[in-house]
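Peer 1: Before I ask anything, let me first share the structure, which is written out below as C-alpha cells.
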Amino acid sequence: MWARKRFDLSWLDIGYGLLQCARIGSVDPSHINQIWKDSRHPFTCLSVRTGFDLLLKALDLPRGSEIIVSALTIEGMLTIIEEHGLVAVPVDIDTATLAPTAERVESVITDKTRLILIAHLFGSYINLEPIAKVARQHQLLLVEDCAQQFDGMPEGRQDAADISMYSFGPIKTATALGGAVFSIARKELALQLEELEKQYPKRSRSFFFKRLIKYSFLKFISYKPTFAAFVGMIKLCGKDYNKLLKKSTRGFSGSDFFKLIRRRPSSPLVMLLARKLRRFNGKSLAAQRKLGDYLRTRLSEQSGHRVAGSDALNNHYWVFPVLVNDPAGVELSLRGAGVDADRRGSMVIVKSPADHICGYPENAEQILSNSVFLPLYKPMTEQTMDTLAAAVMNGDCPEEAATTHVDACVHSVPESLAQDT
Ligand SMILES: Cc1ncc(COP(=O)(O)O)c(C=O)c1O
C-alpha cells in the first residue's frame, strides 16, 4: 500500500544525525548563515512557528492590529497571532492559482492593518510582485510563508517579500526533522531576532536522538509492504491508523504549545540541516513535478477533475489536492486500490473577525472540504499515476448525488486497479 507521504530523509541522513548526537561541542543556529544562499539576511531557529512568534515579539505591534492572512493556513500560526493580541483577517485564495489577488488583498486593508502574510500552498509558487506593490503602497510588511514550498535556497529569485520563511519540519522537503530559515531584507531585524532567539533554552541532544529513532520507525513503515502490514496490524487492534499517523507527526501539540516552540534547535539538528541544505539538488522534485503534471492532465482530460493549484506559476506538488464531489467515496476507492490518501490535512480556514469588511473565504473552504490529498513521490511511476486517476474517477459521485448524499453511489474497485499495491 502506498503511504500518504514519504519522508524526504535518507537512511544516511539518519545515520549522520545519530553520529552528530554523539559529537562533542555546541553548534549555534547561525552556523546555517554560511550555507544559506540569498541576497537577504538569514535567521535560523527551531521552526517557522518559533520564528514567526519571535517576529511578532520584535515588531511589538499595537494590540488589535490586523494581519492579513491567506485564508488557508495551519492552526499554530493563528494561535501565535492571537497570543500577541493581534487579529488575523482572511484573504480568500483563487482555487486555480492558490493565490489571493492583489485586488482582494487591497480590499481587506483597514487603518489597523500592519502586516500581510501570504502562504505558498501545497508546493505551488505564487507571483508575489502585485501583492508586494500593494504592500509598498500601504507601507505594510509583506511576509511570505514558504513552509510548503521549499525547492531550493532563494538566491537569484525575486525578493518581493520583506521576510520569507522556510520550514524543515518532518514532512517537509529537505527535512532535518525540524528547523526553519528566514530570509530577511532588513539586517537589523535579522540581528534583533537572533538576539531574542539566543535567550531561549536549547533543546537537548537526547530529544533529537529520540526523534531520529521515532522517524526511523515511521520511515521504515512508509514502504509499501511494511505500510500495508502496519495498517493491517493497527486495524486488528481496533484502532484508527489515520488518527494515529496524524498524531505521531504533529509537532508542538497540546497545552504547552508556547513552551515547546520557544526553544533553540539542538546542535545535531543544526548539523543535519546544514547537510540537507548543502546536498539539496532538486532532482527528486523535478521528477515529482513531472509525475504531478502527468496526473493533472490525465484527470482533467479523462474526467474533468481539477487540482487546486493547477494554474500556479510553478508547482512541485508537495501534496496533490484533487477536487472531488465525494471525498469520502474517493478515499475509500483509493484505499481499495492500495493507496492511502489524506483529507483536510492539518490545515484550517481563517475565520473572518466579527464585523470586518472581509467576507467569508469560500474558495478556501471549498478547497479544504472537497480535496483529497493524493500521495505523490519517488519511486512512483506514470503507471501509479494511472492507478490514482482511475481510483479517483471510480470513487467520485456525480455532483448531484454528492450534494444530496444519495447512497446509491457505488464504490467498487476494479481488480486491475488493486494490482499496483
Ligand atoms: C503553511 C504553513 N505555515 C507554517 C507552518 C509551520 O512550520 P513549522 O512546522 O516549521 O513551524 C506549516 C507547517 O506545516 C505550514 O504548512
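Each chain of the C-alpha cells is named A, B, ... in the order shown, its residues numbered from 1; ligands are numbered from 1 in display order.
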Per DSSP on the backbone, filter segment 19-201 of chain A down to the residues in strand (DSSP E or B) and report them as a PyMOL selection string.

Peer 2: chain A and resi 41-45+66-70+72-74+87-91+113-119+124-125+141-145+163-167+180-184

Peer 1: Applying 8 Å and only C-alpha atoms, which residues near segment 32-37 of chain A remain after dropping the ones on its own chain fewer than 3 positions away? List them as a PDB file with N, CA and C atoms, in the first residue's frame.

Peer 2:
ATOM      1  N   PRO A  29      22.748  27.959  15.854  1.00  0.00           N
ATOM      2  CA  PRO A  29      21.921  28.011  14.629  1.00  0.00           C
ATOM      3  C   PRO A  29      22.514  28.921  13.555  1.00  0.00           C
ATOM      4  N   PRO A  42      19.983  35.792   6.519  1.00  0.00           N
ATOM      5  CA  PRO A  42      19.361  34.591   7.081  1.00  0.00           C
ATOM      6  C   PRO A  42      19.210  34.647   8.600  1.00  0.00           C
ATOM      7  N   PHE A  43      18.191  33.969   9.069  1.00  0.00           N
ATOM      8  CA  PHE A  43      17.978  33.793  10.512  1.00  0.00           C
ATOM      9  C   PHE A  43      17.462  32.363  10.689  1.00  0.00           C
ATOM     10  N   THR A  44      18.123  31.589  11.531  1.00  0.00           N
ATOM     11  CA  THR A  44      17.746  30.179  11.706  1.00  0.00           C
ATOM     12  C   THR A  44      17.189  29.946  13.111  1.00  0.00           C
ATOM     13  N   MET A 153      17.317  27.050  -2.145  1.00  0.00           N
ATOM     14  CA  MET A 153      17.508  28.329  -1.438  1.00  0.00           C
ATOM     15  C   MET A 153      17.138  29.489  -2.359  1.00  0.00           C
ATOM     16  N   PRO A 154      16.708  30.612  -1.780  1.00  0.00           N
ATOM     17  CA  PRO A 154      16.094  31.651  -2.624  1.00  0.00           C
ATOM     18  C   PRO A 154      17.009  32.522  -3.467  1.00  0.00           C
ATOM     19  N   GLU A 155      18.322  32.334  -3.377  1.00  0.00           N
ATOM     20  CA  GLU A 155      19.232  33.205  -4.126  1.00  0.00           C
ATOM     21  C   GLU A 155      18.857  33.271  -5.616  1.00  0.00           C
ATOM     22  N   VAL A 270      20.990  21.273  13.914  1.00  0.00           N
ATOM     23  CA  VAL A 270      21.618  22.303  13.076  1.00  0.00           C
ATOM     24  C   VAL A 270      22.563  21.638  12.067  1.00  0.00           C
ATOM     25  N   LEU A 273      20.591  19.887   9.376  1.00  0.00           N
ATOM     26  CA  LEU A 273      20.008  20.881   8.457  1.00  0.00           C
ATOM     27  C   LEU A 273      21.079  21.402   7.488  1.00  0.00           C
ATOM     28  N   ALA A 274      22.281  21.633   8.017  1.00  0.00           N
ATOM     29  CA  ALA A 274      23.382  22.100   7.159  1.00  0.00           C
ATOM     30  C   ALA A 274      23.663  21.070   6.061  1.00  0.00           C
ATOM     31  N   LEU A 277      20.847  21.117   3.401  1.00  0.00           N
ATOM     32  CA  LEU A 277      20.899  22.295   2.518  1.00  0.00           C
ATOM     33  C   LEU A 277      22.053  22.185   1.527  1.00  0.00           C
ATOM     34  N   ARG A 278      23.205  21.702   2.013  1.00  0.00           N
ATOM     35  CA  ARG A 278      24.373  21.573   1.129  1.00  0.00           C
ATOM     36  C   ARG A 278      24.115  20.572   0.019  1.00  0.00           C
TER      37      ARG A 278
END

Peer 1: Restrict the calculation to only C-alpha atoms and all ligand atoms, then for each residue of chain A with any atom at most 8 Å from an atom of ligand 1 give the closest atom pair and their distance in Å to one decimal, rows by chain and rising residue number, as CSV.

Peer 2:
residue,atom,partner,partner_atom_place_in_ligand_line,distance
A:Leu46,CA,ligand 1,10 (O),7.2
A:Ser47,CA,ligand 1,10 (O),3.6
A:Val48,CA,ligand 1,10 (O),3.8
A:Arg49,CA,ligand 1,11 (O),3.9
A:Thr50,CA,ligand 1,11 (O),6.5
A:Leu72,CA,ligand 1,1 (C),7.6
A:Thr73,CA,ligand 1,1 (C),4.9
A:Ile74,CA,ligand 1,2 (C),5.5
A:Gly76,CA,ligand 1,6 (C),7.2
A:Met77,CA,ligand 1,4 (C),6.3
A:Ala119,CA,ligand 1,1 (C),5.7
A:His120,CA,ligand 1,1 (C),7.2
A:Leu121,CA,ligand 1,1 (C),6.4
A:Asp145,CA,ligand 1,3 (N),5.8
A:Cys146,CA,ligand 1,1 (C),7.0
A:Ala147,CA,ligand 1,15 (C),4.9
A:Gln148,CA,ligand 1,16 (O),5.4
A:Tyr166,CA,ligand 1,10 (O),7.2
A:Ser167,CA,ligand 1,10 (O),4.2
A:Phe168,CA,ligand 1,10 (O),6.0
A:Gly169,CA,ligand 1,9 (O),5.1
A:Pro170,CA,ligand 1,9 (O),7.9
A:Ile171,CA,ligand 1,14 (O),7.7
A:Lys172,CA,ligand 1,14 (O),7.5
A:Gly178,CA,ligand 1,10 (O),6.7
A:Gly179,CA,ligand 1,10 (O),6.4
A:Ala180,CA,ligand 1,10 (O),5.6
A:Gly251,CA,ligand 1,9 (O),6.7
A:Ser346,CA,ligand 1,14 (O),7.7
A:Met347,CA,ligand 1,16 (O),7.3

Peer 1: For those residues, write N, CA and C atoms to a file as a CSV table (one decimal), in the first residue's frame.

Peer 2:
chain,number,residue,atom,x,y,z
A,46,LEU,N,14.2,27.1,15.5
A,46,LEU,CA,13.6,25.8,15.7
A,46,LEU,C,12.5,25.4,14.7
A,47,SER,N,11.7,26.4,14.3
A,47,SER,CA,10.6,26.1,13.4
A,47,SER,C,10.0,27.5,12.9
A,48,VAL,N,9.2,27.4,11.9
A,48,VAL,CA,8.6,28.6,11.3
A,48,VAL,C,7.8,29.3,12.4
A,49,ARG,N,7.1,28.4,13.2
A,49,ARG,CA,6.2,29.0,14.3
A,49,ARG,C,7.1,29.7,15.3
A,50,THR,N,8.3,29.2,15.6
A,50,THR,CA,9.2,29.8,16.6
A,50,THR,C,9.6,31.2,16.0
A,72,LEU,N,-6.1,29.9,4.0
A,72,LEU,CA,-5.8,28.6,4.4
A,72,LEU,C,-4.4,28.6,5.1
A,73,THR,N,-4.3,28.1,6.3
A,73,THR,CA,-3.0,28.0,7.0
A,73,THR,C,-3.1,26.9,8.0
A,74,ILE,N,-2.1,26.9,8.9
A,74,ILE,CA,-2.2,25.9,10.0
A,74,ILE,C,-2.6,26.7,11.3
A,76,GLY,N,-1.5,26.7,14.3
A,76,GLY,CA,-0.4,27.3,15.1
A,76,GLY,C,-0.2,28.7,14.7
A,77,MET,N,-0.2,29.1,13.4
A,77,MET,CA,0.1,30.4,13.0
A,77,MET,C,-1.0,31.4,13.6
A,119,ALA,N,0.8,32.6,2.1
A,119,ALA,CA,1.4,31.3,2.1
A,119,ALA,C,1.4,30.7,0.6
A,120,HIS,N,2.5,30.1,0.3
A,120,HIS,CA,2.6,29.3,-1.0
A,120,HIS,C,2.1,27.9,-0.6
A,121,LEU,N,1.0,27.5,-1.1
A,121,LEU,CA,0.4,26.3,-0.5
A,121,LEU,C,0.6,25.0,-1.4
A,145,ASP,N,5.1,32.9,3.6
A,145,ASP,CA,5.2,31.6,4.3
A,145,ASP,C,5.5,30.5,3.2
A,146,CYS,N,6.8,30.1,3.2
A,146,CYS,CA,7.2,29.1,2.2
A,146,CYS,C,7.3,27.7,2.9
A,147,ALA,N,6.6,27.5,4.0
A,147,ALA,CA,6.7,26.2,4.7
A,147,ALA,C,6.4,25.0,3.8
A,148,GLN,N,5.5,25.2,2.9
A,148,GLN,CA,5.1,24.1,2.0
A,148,GLN,C,5.8,24.2,0.6
A,166,TYR,N,11.1,29.6,5.6
A,166,TYR,CA,11.2,28.2,5.1
A,166,TYR,C,11.2,27.2,6.3
A,167,SER,N,10.4,26.1,6.2
A,167,SER,CA,10.4,25.1,7.3
A,167,SER,C,11.1,23.8,6.8
A,168,PHE,N,11.8,23.2,7.8
A,168,PHE,CA,12.4,21.9,7.5
A,168,PHE,C,11.9,20.8,8.6
A,169,GLY,N,10.6,21.0,8.9
A,169,GLY,CA,10.0,20.0,9.8
A,169,GLY,C,9.8,18.7,9.2
A,170,PRO,N,9.4,17.7,9.9
A,170,PRO,CA,9.4,16.3,9.5
A,170,PRO,C,8.8,15.9,8.1
A,171,ILE,N,7.7,16.6,7.8
A,171,ILE,CA,7.1,16.1,6.5
A,171,ILE,C,7.4,17.1,5.3
A,172,LYS,N,8.4,18.0,5.6
A,172,LYS,CA,8.7,19.0,4.6
A,172,LYS,C,9.8,18.5,3.6
A,178,GLY,N,13.2,19.2,11.7
A,178,GLY,CA,13.0,20.4,12.5
A,178,GLY,C,13.8,21.5,11.9
A,179,GLY,N,13.7,22.7,12.4
A,179,GLY,CA,14.5,23.8,11.9
A,179,GLY,C,13.7,24.7,10.9
A,180,ALA,N,14.1,25.9,10.9
A,180,ALA,CA,13.5,26.9,9.9
A,180,ALA,C,14.5,27.9,9.6
A,251,GLY,N,3.6,18.3,15.3
A,251,GLY,CA,4.6,18.9,16.1
A,251,GLY,C,4.0,19.9,17.1
A,346,SER,N,-3.8,19.1,7.8
A,346,SER,CA,-3.8,19.8,9.2
A,346,SER,C,-4.0,21.2,9.0
A,347,MET,N,-4.6,21.6,7.8
A,347,MET,CA,-4.9,23.0,7.5
A,347,MET,C,-6.2,23.4,8.1

Peer 1: Expressed in Å to a single decimal, how great is the separation between atom CA of Ile367 of chain A and atom CA of Ile116 of chain A?

Peer 2: 21.4 Å

Peer 1: Name the residues in contact with segment 297-313 of chain A at a cut-off of 7 Å, using only C-alpha atoms, excluding same-chain residues fewer than 6 positions from it; report them as a short mmCIF file (atom, residue, chain, number, x, y, z; two decimals) with C-alpha atoms, in the first residue's frame.

Peer 2:
data_model
loop_
_atom_site.label_atom_id
_atom_site.label_comp_id
_atom_site.auth_asym_id
_atom_site.auth_seq_id
_atom_site.Cartn_x
_atom_site.Cartn_y
_atom_site.Cartn_z
CA THR A 95 -8.67 27.77 -6.50
CA ALA A 96 -6.62 27.55 -9.69
CA THR A 97 -3.59 29.59 -8.59
CA LEU A 98 -3.89 29.18 -4.78
CA SER A 124 2.77 25.79 -5.54
CA TYR A 125 4.51 29.10 -6.15
CA ILE A 126 2.73 32.47 -6.25
CA ASN A 127 3.83 35.57 -8.13
CA PRO A 321 -5.13 18.16 -3.77
CA VAL A 322 -7.61 16.81 -6.29
CA LEU A 323 -11.06 18.41 -6.08
CA VAL A 324 -13.88 15.87 -5.95
CA ILE A 367 -10.67 23.57 -1.42
CA ALA A 389 -6.53 8.64 -11.64
CA MET A 393 -12.77 8.57 -11.18
#

Peer 1: Per DSSP on the backbone, what are the alpha helix (DSSP H) residues of segment 157-335 of chain A, as a VMD selection string?

Peer 2: chain A and resid 187 to 198 205 to 220 224 to 236 241 to 249 257 to 261 267 to 279 283 to 303 327 to 335

Peer 1: Closest to Ser222 of chain A among A:Leu245, A:Val392, A:Ile234, A:Ile163, using only C-alpha atoms?

Peer 2: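 The closest residue to Ser222 of chain A is A:Leu245.
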
Peer 1: Taking only C-alpha atoms into account, name the residue in A:Asp8, A:Glu331, A:Glu106, A:Asp151 that is nearest to Arg136 of chain A.

Peer 2: A:Glu106

Peer 1: Which is closest to Ala174 of chain A among A:Val348, A:Leu285, A:Val330, A:Ile24, if we use only C-alpha atoms?

Peer 2: A:Leu285

Peer 1: Hey, what's within 12 Å of Trp2 of chain A if we count only C-alpha atoms and toss same-chain stuff fewer than 5 positions away? As a PyMOL selection string, please?

Peer 2: chain A and resi 221-231+334-342+374-380+384-385+387-388+418+420-421

Peer 1: Please indicate the distance in Å from atom CA of Asp355 of chain A to atom CA of Val143 of chain A, rounded to one decimal place.

Peer 2: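 Separation of atom CA of Asp355 of chain A and atom CA of Val143 of chain A: 25.2 Å.
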
Peer 1: Could you check how far atom CA of Cys397 of chain A sits from atom CA of Thr381 of chain A, in Å to one decimal?

Peer 2: 26.6 Å

Peer 1: Using only C-alpha atoms, which protein or nucleic acid residues come within 9 Å of Leu61 of chain A? Drop anything in the same chain fewer than 6 positions from it, and give the result as a PyMOL selection string.

Peer 2: chain A and resi 84-86+114

Peer 1: Please produce an output containing C-alpha atoms for each residue in the selection, written as a PDB file, in the first residue's frame.

Peer 2:
ATOM      1  CA  HIS A  84       0.246  38.735  20.541  1.00  0.00           C
ATOM      2  CA  GLY A  85      -3.148  40.448  20.814  1.00  0.00           C
ATOM      3  CA  LEU A  86      -3.436  40.746  17.020  1.00  0.00           C
ATOM      4  CA  ARG A 114       0.120  46.250   9.697  1.00  0.00           C
TER       5      ARG A 114
END

Peer 1: Here is a test: counting only C-alpha atoms, which residue of A:Val350, A:Arg211, A:Lys198, A:His138 is nearest to Ile81 of chain A?

Peer 2: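 Among A:Val350, A:Arg211, A:Lys198, A:His138, it is A:Val350 that comes nearest to Ile81 of chain A.
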
Peer 1: Measuring atom to atom with only C-alpha atoms, identify which of A:Ala102, A:Cys21, A:Leu189, A:Arg6 is nearest to Ile213 of chain A.

Peer 2: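 Among the listed residues, the smallest separation from Ile213 of chain A belongs to A:Cys21.
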